[in-house]
Amino acid sequence: MNQLLTIDLPQQMATFKIRIVFLKKLLAYRESGDDREINAYLKSLTEIGLSNLVSELLDYWGSVY
């Protein structure tokens, strides 16, 4: 996953990197049980106007757990 984050993607594919970061945070949450980092990430995405993407990520999070 770290290598995927280093790839220079066109702006249209920026959501790909956002999803990868979310998955990394989700893995960290599974290990620690602390959801503060995920919640802060989702809040920041909402604040920059990506609430539709946040909704998709929350749906994914809900389907995994």
# chains A, B, ... in the order shown; residues from 1 in each chain; ligands from 1
>>> residues_around(residues="Asn39 of chain A", least_positions_apart="4", cutoff="12 Å", atoms="only C-alpha atoms", output="JSON list (two decimals) with all heavy atoms, in the first residue's frame")
[["chain", "number", "residue", "atom", "x", "y", "z"],
["A", 22, "PHE", "N", -7.38, 5.51, 3.91],
["A", 22, "PHE", "CA", -8.44, 5.03, 4.78],
["A", 22, "PHE", "C", -8.23, 3.57, 5.15],
["A", 22, "PHE", "O", -8.39, 3.19, 6.32],
["A", 22, "PHE", "CB", -9.81, 5.22, 4.12],
["A", 22, "PHE", "CG", -10.94, 4.73, 4.96],
["A", 22, "PHE", "CD1", -11.39, 5.46, 6.04],
["A", 22, "PHE", "CD2", -11.57, 3.53, 4.67],
["A", 22, "PHE", "CE1", -12.43, 5.00, 6.84],
["A", 22, "PHE", "CE2", -12.62, 3.06, 5.45],
["A", 22, "PHE", "CZ", -13.05, 3.81, 6.54],
["A", 25, "LYS", "N", -5.63, 3.27, 7.76],
["A", 25, "LYS", "CA", -6.15, 3.67, 9.06],
["A", 25, "LYS", "C", -7.09, 2.61, 9.62],
["A", 25, "LYS", "O", -7.13, 2.37, 10.83],
["A", 25, "LYS", "CB", -6.85, 5.03, 8.96],
["A", 25, "LYS", "CG", -5.87, 6.16, 8.67],
["A", 25, "LYS", "CD", -6.53, 7.49, 8.63],
["A", 25, "LYS", "CE", -5.57, 8.60, 8.29],
["A", 25, "LYS", "NZ", -4.41, 8.70, 9.13],
["A", 26, "LEU", "N", -7.82, 1.96, 8.74],
["A", 26, "LEU", "CA", -8.71, 0.88, 9.16],
["A", 26, "LEU", "C", -7.91, -0.30, 9.71],
["A", 26, "LEU", "O", -8.28, -0.90, 10.73],
["A", 26, "LEU", "CB", -9.58, 0.45, 7.98],
["A", 26, "LEU", "CG", -10.77, -0.43, 8.26],
["A", 26, "LEU", "CD1", -11.72, 0.24, 9.23],
["A", 26, "LEU", "CD2", -11.49, -0.75, 6.97],
["A", 29, "TYR", "N", -6.74, 0.65, 13.08],
["A", 29, "TYR", "CA", -7.86, 0.56, 14.02],
["A", 29, "TYR", "C", -8.08, -0.89, 14.46],
["A", 29, "TYR", "O", -8.33, -1.16, 15.64],
["A", 29, "TYR", "CB", -9.12, 1.12, 13.37],
["A", 29, "TYR", "CG", -10.39, 0.73, 14.07],
["A", 29, "TYR", "CD1", -10.71, 1.27, 15.31],
["A", 29, "TYR", "CD2", -11.26, -0.20, 13.50],
["A", 29, "TYR", "CE1", -11.88, 0.90, 15.96],
["A", 29, "TYR", "CE2", -12.42, -0.57, 14.15],
["A", 29, "TYR", "CZ", -12.72, -0.02, 15.38],
["A", 29, "TYR", "OH", -13.87, -0.39, 16.02],
["A", 34, "ASP", "N", -8.61, 1.74, 18.53],
["A", 34, "ASP", "CA", -8.81, 3.18, 18.71],
["A", 34, "ASP", "C", -9.27, 3.80, 17.39],
["A", 34, "ASP", "O", -8.53, 3.79, 16.40],
["A", 34, "ASP", "CB", -7.49, 3.81, 19.16],
["A", 34, "ASP", "CG", -7.63, 5.28, 19.50],
["A", 34, "ASP", "OD1", -8.75, 5.82, 19.45],
["A", 34, "ASP", "OD2", -6.59, 5.89, 19.80],
["A", 35, "ASP", "N", -10.48, 4.33, 17.38],
["A", 35, "ASP", "CA", -11.04, 4.87, 16.14],
["A", 35, "ASP", "C", -10.86, 6.38, 15.98],
["A", 35, "ASP", "O", -11.38, 6.98, 15.05],
["A", 35, "ASP", "CB", -12.51, 4.50, 16.00],
["A", 35, "ASP", "CG", -13.39, 5.14, 17.05],
["A", 35, "ASP", "OD1", -12.85, 5.74, 18.00],
["A", 35, "ASP", "OD2", -14.62, 5.04, 16.91],
["A", 43, "LYS", "N", -13.56, 13.33, 9.30],
["A", 43, "LYS", "CA", -13.99, 14.71, 9.56],
["A", 43, "LYS", "C", -13.26, 15.68, 8.63],
["A", 43, "LYS", "O", -13.87, 16.60, 8.07],
["A", 43, "LYS", "CB", -13.72, 15.09, 11.01],
["A", 43, "LYS", "CG", -14.18, 16.48, 11.36],
["A", 43, "LYS", "CD", -13.90, 16.82, 12.80],
["A", 43, "LYS", "CE", -14.32, 18.26, 13.06],
["A", 43, "LYS", "NZ", -13.91, 18.71, 14.36],
["A", 44, "SER", "N", -11.97, 15.46, 8.43],
["A", 44, "SER", "CA", -11.21, 16.36, 7.55],
["A", 44, "SER", "C", -11.68, 16.23, 6.10],
["A", 44, "SER", "O", -11.75, 17.22, 5.38],
["A", 44, "SER", "CB", -9.71, 16.10, 7.66],
["A", 44, "SER", "OG", -9.37, 14.83, 7.15],
["A", 45, "LEU", "N", -12.03, 15.02, 5.68],
["A", 45, "LEU", "CA", -12.57, 14.84, 4.33],
["A", 45, "LEU", "C", -13.90, 15.56, 4.17],
["A", 45, "LEU", "O", -14.17, 16.18, 3.13],
["A", 45, "LEU", "CB", -12.73, 13.36, 4.01],
["A", 45, "LEU", "CG", -11.45, 12.55, 3.83],
["A", 45, "LEU", "CD1", -11.78, 11.08, 3.64],
["A", 45, "LEU", "CD2", -10.62, 13.06, 2.67],
["A", 46, "THR", "N", -14.72, 15.51, 5.19],
["A", 46, "THR", "CA", -16.00, 16.21, 5.16],
["A", 46, "THR", "C", -15.79, 17.71, 5.08],
["A", 46, "THR", "O", -16.47, 18.41, 4.32],
["A", 46, "THR", "CB", -16.84, 15.85, 6.41],
["A", 46, "THR", "OG1", -17.04, 14.45, 6.44],
["A", 46, "THR", "CG2", -18.18, 16.55, 6.38],
["A", 54, "VAL", "N", -16.92, 10.24, 1.97],
["A", 54, "VAL", "CA", -16.99, 9.83, 3.38],
["A", 54, "VAL", "C", -18.13, 8.85, 3.58],
["A", 54, "VAL", "O", -17.98, 7.84, 4.27],
["A", 54, "VAL", "CB", -17.15, 11.06, 4.31],
["A", 54, "VAL", "CG1", -17.47, 10.63, 5.73],
["A", 54, "VAL", "CG2", -15.88, 11.90, 4.28],
["A", 57, "LEU", "N", -17.03, 5.52, 2.33],
["A", 57, "LEU", "CA", -16.06, 4.90, 3.23],
["A", 57, "LEU", "C", -16.75, 4.37, 4.48],
["A", 57, "LEU", "O", -16.41, 3.28, 4.97],
["A", 57, "LEU", "CB", -14.96, 5.91, 3.60],
["A", 57, "LEU", "CG", -14.06, 6.35, 2.45],
["A", 57, "LEU", "CD1", -13.11, 7.45, 2.92],
["A", 57, "LEU", "CD2", -13.29, 5.20, 1.85],
["A", 58, "LEU", "N", -17.73, 5.11, 4.99],
["A", 58, "LEU", "CA", -18.48, 4.64, 6.16],
["A", 58, "LEU", "C", -19.28, 3.39, 5.83],
["A", 58, "LEU", "O", -19.38, 2.47, 6.67],
["A", 58, "LEU", "CB", -19.38, 5.74, 6.69],
["A", 58, "LEU", "CG", -18.68, 6.87, 7.44],
["A", 58, "LEU", "CD1", -19.66, 7.99, 7.75],
["A", 58, "LEU", "CD2", -18.02, 6.36, 8.70],
["A", 61, "TRP", "N", -16.76, 0.63, 5.85],
["A", 61, "TRP", "CA", -16.38, 0.32, 7.22],
["A", 61, "TRP", "C", -17.48, -0.51, 7.88],
["A", 61, "TRP", "O", -17.22, -1.50, 8.54],
["A", 61, "TRP", "CB", -16.13, 1.61, 7.98],
["A", 61, "TRP", "CG", -15.54, 1.44, 9.35],
["A", 61, "TRP", "CD1", -15.11, 0.29, 9.94],
["A", 61, "TRP", "CD2", -15.31, 2.48, 10.29],
["A", 61, "TRP", "NE1", -14.62, 0.56, 11.19],
["A", 61, "TRP", "CE2", -14.72, 1.89, 11.44],
["A", 61, "TRP", "CE3", -15.51, 3.84, 10.28],
["A", 61, "TRP", "CZ2", -14.38, 2.63, 12.55],
["A", 61, "TRP", "CZ3", -15.15, 4.58, 11.41],
["A", 61, "TRP", "CH2", -14.60, 3.97, 12.53]]
>>> atom_distance(atom1="atom CA of Asn52 of chain A", atom2="atom CA of Arg36 of chain A")
20.4 Å
